[in-house]
Amino acid sequence: MSNVLPRAAALAAAALLATTGASLGATQASALPTTPTCRVADLDLAVGGPERAGGSVTYPILFTNTTGHTCALRGYPGVSVTDARHRQIGTSAIRTGEPISTVFLGPDDTVTATMRTNTRSGAPSCRQPSAYVKVYPPNSGVAVEIPYNLRVCGMFEISPVEASD
């Protein structure tokens with residue numbers, strides 16, 4: 001009997017919280033933007049040319065919207081390198097830790113994420129050259145393999161997507 005009252009009070013409080021939270025959540029949800037997330041089918045992915053500086057090499061990954069509508073990307077892409085038989089070479093790129101933001105791509109707009117590794121002279125060991133760079137756009141479970149010869153030496157990092165300059 002002594003457990004009945006506390007349980008009833010807890011259930012009543014949970015019901016009140018759920019009702020209040022549900023109405024609050026519905027209000028917040030209706031205020032969110034309705035821009036859809038860019039899907040792999042919405043994008044053309046490419047790797048840009050290298051830029052060398054300070055013992056490292058950076059490569060932009062270009063995400064171009066190929067649809068007639070605006071879509072959004074937010075966060076880090078998943079990136080790895082693979083050989084000619086599509087087997088991964090070493091570990092995937094690690095995230096740089098930079099803050100993320102949502103970027104909106106209108107039709108034909110391009111945004112980038114930047115891969116970074118060391119130069120051959122700046123790292124004690126290098127992986128075999130890749131045949132492809134495998135990219136999962138942010139929040140996507142589908143990857144695209146981009147034909148690209150890339151040699152990862154030492155560190156291998158990826159930045160979040162950001163608006164192109």
# chains A, B, ... in the order shown; residues from 1 in each chain; ligands from 1
>>> residues_around(residues="stretch 134-142 of chain A", least_positions_apart="5", cutoff="9 Å", atoms="only C-alpha atoms", output="list in words")
Thr37, Cys38, Arg39, Val40, Leu45, Ile61, Phe63, Leu73, Arg74, Gly75, Tyr76, Pro77, Gly78, Val79, Ser80, Val81, Thr82, His86, Gln88, Pro147, Pro160 and Val161 of chain A
>>> atom_distance(atom1="atom CA of A:Pro60", atom2="atom CA of A:Asp83")
19.9 Å
>>> atom_distance(atom1="atom CA of A:Thr102", atom2="atom CA of A:Phe156")
23.6 Å
>>> closest_residue(among="A:Ile89, A:Ala84, A:Cys126, A:Val133", to="A:Ala46", atoms="only C-alpha atoms")
A:Val133
>>> residues_around(residues="A:Arg120", least_positions_apart="6", cutoff="9 Å", atoms="only C-alpha atoms", output="number ranges by chain")
A: 55-56, 126, 151-154
>>> residues_around(residues="stretch 106-113 of chain A", least_positions_apart="2", cutoff="8 Å", atoms="only C-alpha atoms", output="PyMOL selection string")
chain A and resi 60-71+76-77+103-104+115+158-164
>>> closest_residue(among="A:Gln128, A:Thr35, A:Asn149, A:Thr119", to="A:Ala53", atoms="only C-alpha atoms")
A:Thr119
>>> decode(residues="stretch 97-110 of chain A", atoms="all heavy atoms", output="PDB file, in the first residue's frame")
ATOM      1  N   GLY A  97      37.656  18.156 -35.358  1.00  0.00           N
ATOM      2  CA  GLY A  97      37.121  18.744 -34.131  1.00  0.00           C
ATOM      3  C   GLY A  97      36.592  20.154 -34.303  1.00  0.00           C
ATOM      4  O   GLY A  97      36.171  20.787 -33.346  1.00  0.00           O
ATOM      5  N   GLU A  98      36.604  20.661 -35.522  1.00  0.00           N
ATOM      6  CA  GLU A  98      36.071  21.998 -35.793  1.00  0.00           C
ATOM      7  C   GLU A  98      34.559  22.003 -35.571  1.00  0.00           C
ATOM      8  O   GLU A  98      33.900  20.980 -35.767  1.00  0.00           O
ATOM      9  CB  GLU A  98      36.368  22.400 -37.237  1.00  0.00           C
ATOM     10  CG  GLU A  98      37.844  22.521 -37.555  1.00  0.00           C
ATOM     11  CD  GLU A  98      38.080  22.719 -39.037  1.00  0.00           C
ATOM     12  OE1 GLU A  98      37.534  23.692 -39.599  1.00  0.00           O
ATOM     13  OE2 GLU A  98      38.794  21.892 -39.625  1.00  0.00           O
ATOM     14  N   PRO A  99      33.992  23.151 -35.192  1.00  0.00           N
ATOM     15  CA  PRO A  99      32.541  23.216 -35.019  1.00  0.00           C
ATOM     16  C   PRO A  99      31.820  23.011 -36.350  1.00  0.00           C
ATOM     17  O   PRO A  99      32.360  23.328 -37.410  1.00  0.00           O
ATOM     18  CB  PRO A  99      32.295  24.621 -34.475  1.00  0.00           C
ATOM     19  CG  PRO A  99      33.547  25.381 -34.679  1.00  0.00           C
ATOM     20  CD  PRO A  99      34.661  24.408 -34.893  1.00  0.00           C
ATOM     21  N   ILE A 100      30.608  22.471 -36.255  1.00  0.00           N
ATOM     22  CA  ILE A 100      29.823  22.224 -37.466  1.00  0.00           C
ATOM     23  C   ILE A 100      28.695  23.247 -37.579  1.00  0.00           C
ATOM     24  O   ILE A 100      28.299  23.860 -36.587  1.00  0.00           O
ATOM     25  CB  ILE A 100      29.245  20.795 -37.490  1.00  0.00           C
ATOM     26  CG1 ILE A 100      28.280  20.568 -36.315  1.00  0.00           C
ATOM     27  CG2 ILE A 100      30.362  19.768 -37.479  1.00  0.00           C
ATOM     28  CD1 ILE A 100      27.534  19.255 -36.385  1.00  0.00           C
ATOM     29  N   SER A 101      28.236  23.424 -38.794  1.00  0.00           N
ATOM     30  CA  SER A 101      27.075  24.270 -39.042  1.00  0.00           C
ATOM     31  C   SER A 101      26.321  23.667 -40.224  1.00  0.00           C
ATOM     32  O   SER A 101      26.851  22.827 -40.949  1.00  0.00           O
ATOM     33  CB  SER A 101      27.489  25.712 -39.340  1.00  0.00           C
ATOM     34  OG  SER A 101      28.292  25.752 -40.499  1.00  0.00           O
ATOM     35  N   THR A 102      25.111  24.097 -40.408  1.00  0.00           N
ATOM     36  CA  THR A 102      24.320  23.636 -41.547  1.00  0.00           C
ATOM     37  C   THR A 102      24.639  24.524 -42.737  1.00  0.00           C
ATOM     38  O   THR A 102      24.659  25.742 -42.618  1.00  0.00           O
ATOM     39  CB  THR A 102      22.818  23.706 -41.233  1.00  0.00           C
ATOM     40  OG1 THR A 102      22.558  22.901 -40.076  1.00  0.00           O
ATOM     41  CG2 THR A 102      21.989  23.209 -42.404  1.00  0.00           C
ATOM     42  N   VAL A 103      24.925  23.888 -43.862  1.00  0.00           N
ATOM     43  CA  VAL A 103      25.155  24.641 -45.098  1.00  0.00           C
ATOM     44  C   VAL A 103      24.050  24.286 -46.082  1.00  0.00           C
ATOM     45  O   VAL A 103      23.637  23.135 -46.180  1.00  0.00           O
ATOM     46  CB  VAL A 103      26.553  24.377 -45.703  1.00  0.00           C
ATOM     47  CG1 VAL A 103      27.643  24.947 -44.827  1.00  0.00           C
ATOM     48  CG2 VAL A 103      26.807  22.902 -45.927  1.00  0.00           C
ATOM     49  N   PHE A 104      23.543  25.294 -46.761  1.00  0.00           N
ATOM     50  CA  PHE A 104      22.445  25.123 -47.704  1.00  0.00           C
ATOM     51  C   PHE A 104      22.994  25.217 -49.113  1.00  0.00           C
ATOM     52  O   PHE A 104      23.737  26.143 -49.437  1.00  0.00           O
ATOM     53  CB  PHE A 104      21.369  26.185 -47.468  1.00  0.00           C
ATOM     54  CG  PHE A 104      20.752  26.072 -46.102  1.00  0.00           C
ATOM     55  CD1 PHE A 104      21.250  26.816 -45.046  1.00  0.00           C
ATOM     56  CD2 PHE A 104      19.712  25.199 -45.865  1.00  0.00           C
ATOM     57  CE1 PHE A 104      20.709  26.701 -43.771  1.00  0.00           C
ATOM     58  CE2 PHE A 104      19.161  25.072 -44.601  1.00  0.00           C
ATOM     59  CZ  PHE A 104      19.655  25.821 -43.557  1.00  0.00           C
ATOM     60  N   LEU A 105      22.626  24.246 -49.942  1.00  0.00           N
ATOM     61  CA  LEU A 105      23.078  24.212 -51.331  1.00  0.00           C
ATOM     62  C   LEU A 105      21.891  24.439 -52.246  1.00  0.00           C
ATOM     63  O   LEU A 105      20.999  23.601 -52.336  1.00  0.00           O
ATOM     64  CB  LEU A 105      23.682  22.847 -51.670  1.00  0.00           C
ATOM     65  CG  LEU A 105      25.015  22.465 -51.074  1.00  0.00           C
ATOM     66  CD1 LEU A 105      24.835  21.924 -49.681  1.00  0.00           C
ATOM     67  CD2 LEU A 105      25.676  21.446 -51.940  1.00  0.00           C
ATOM     68  N   GLY A 106      21.884  25.581 -52.920  1.00  0.00           N
ATOM     69  CA  GLY A 106      20.897  25.811 -53.958  1.00  0.00           C
ATOM     70  C   GLY A 106      21.278  24.987 -55.178  1.00  0.00           C
ATOM     71  O   GLY A 106      22.349  24.371 -55.218  1.00  0.00           O
ATOM     72  N   PRO A 107      20.441  24.957 -56.199  1.00  0.00           N
ATOM     73  CA  PRO A 107      20.792  24.238 -57.415  1.00  0.00           C
ATOM     74  C   PRO A 107      22.154  24.704 -57.953  1.00  0.00           C
ATOM     75  O   PRO A 107      22.430  25.900 -58.014  1.00  0.00           O
ATOM     76  CB  PRO A 107      19.656  24.597 -58.375  1.00  0.00           C
ATOM     77  CG  PRO A 107      18.501  24.895 -57.464  1.00  0.00           C
ATOM     78  CD  PRO A 107      19.112  25.562 -56.267  1.00  0.00           C
ATOM     79  N   ASP A 108      23.010  23.761 -58.267  1.00  0.00           N
ATOM     80  CA  ASP A 108      24.355  23.982 -58.803  1.00  0.00           C
ATOM     81  C   ASP A 108      25.347  24.595 -57.814  1.00  0.00           C
ATOM     82  O   ASP A 108      26.476  24.917 -58.188  1.00  0.00           O
ATOM     83  CB  ASP A 108      24.325  24.828 -60.081  1.00  0.00           C
ATOM     84  CG  ASP A 108      23.537  24.160 -61.196  1.00  0.00           C
ATOM     85  OD1 ASP A 108      23.676  22.931 -61.350  1.00  0.00           O
ATOM     86  OD2 ASP A 108      22.777  24.855 -61.886  1.00  0.00           O
ATOM     87  N   ASP A 109      24.964  24.777 -56.543  1.00  0.00           N
ATOM     88  CA  ASP A 109      25.906  25.278 -55.522  1.00  0.00           C
ATOM     89  C   ASP A 109      26.860  24.168 -55.101  1.00  0.00           C
ATOM     90  O   ASP A 109      26.510  22.986 -55.135  1.00  0.00           O
ATOM     91  CB  ASP A 109      25.167  25.781 -54.279  1.00  0.00           C
ATOM     92  CG  ASP A 109      24.531  27.143 -54.483  1.00  0.00           C
ATOM     93  OD1 ASP A 109      24.801  27.789 -55.511  1.00  0.00           O
ATOM     94  OD2 ASP A 109      23.760  27.553 -53.593  1.00  0.00           O
ATOM     95  N   THR A 110      28.055  24.570 -54.652  1.00  0.00           N
ATOM     96  CA  THR A 110      29.063  23.627 -54.188  1.00  0.00           C
ATOM     97  C   THR A 110      29.543  24.031 -52.807  1.00  0.00           C
ATOM     98  O   THR A 110      29.771  25.211 -52.543  1.00  0.00           O
ATOM     99  CB  THR A 110      30.273  23.607 -55.164  1.00  0.00           C
ATOM    100  OG1 THR A 110      29.818  23.192 -56.457  1.00  0.00           O
ATOM    101  CG2 THR A 110      31.358  22.660 -54.696  1.00  0.00           C
TER     102      THR A 110
END
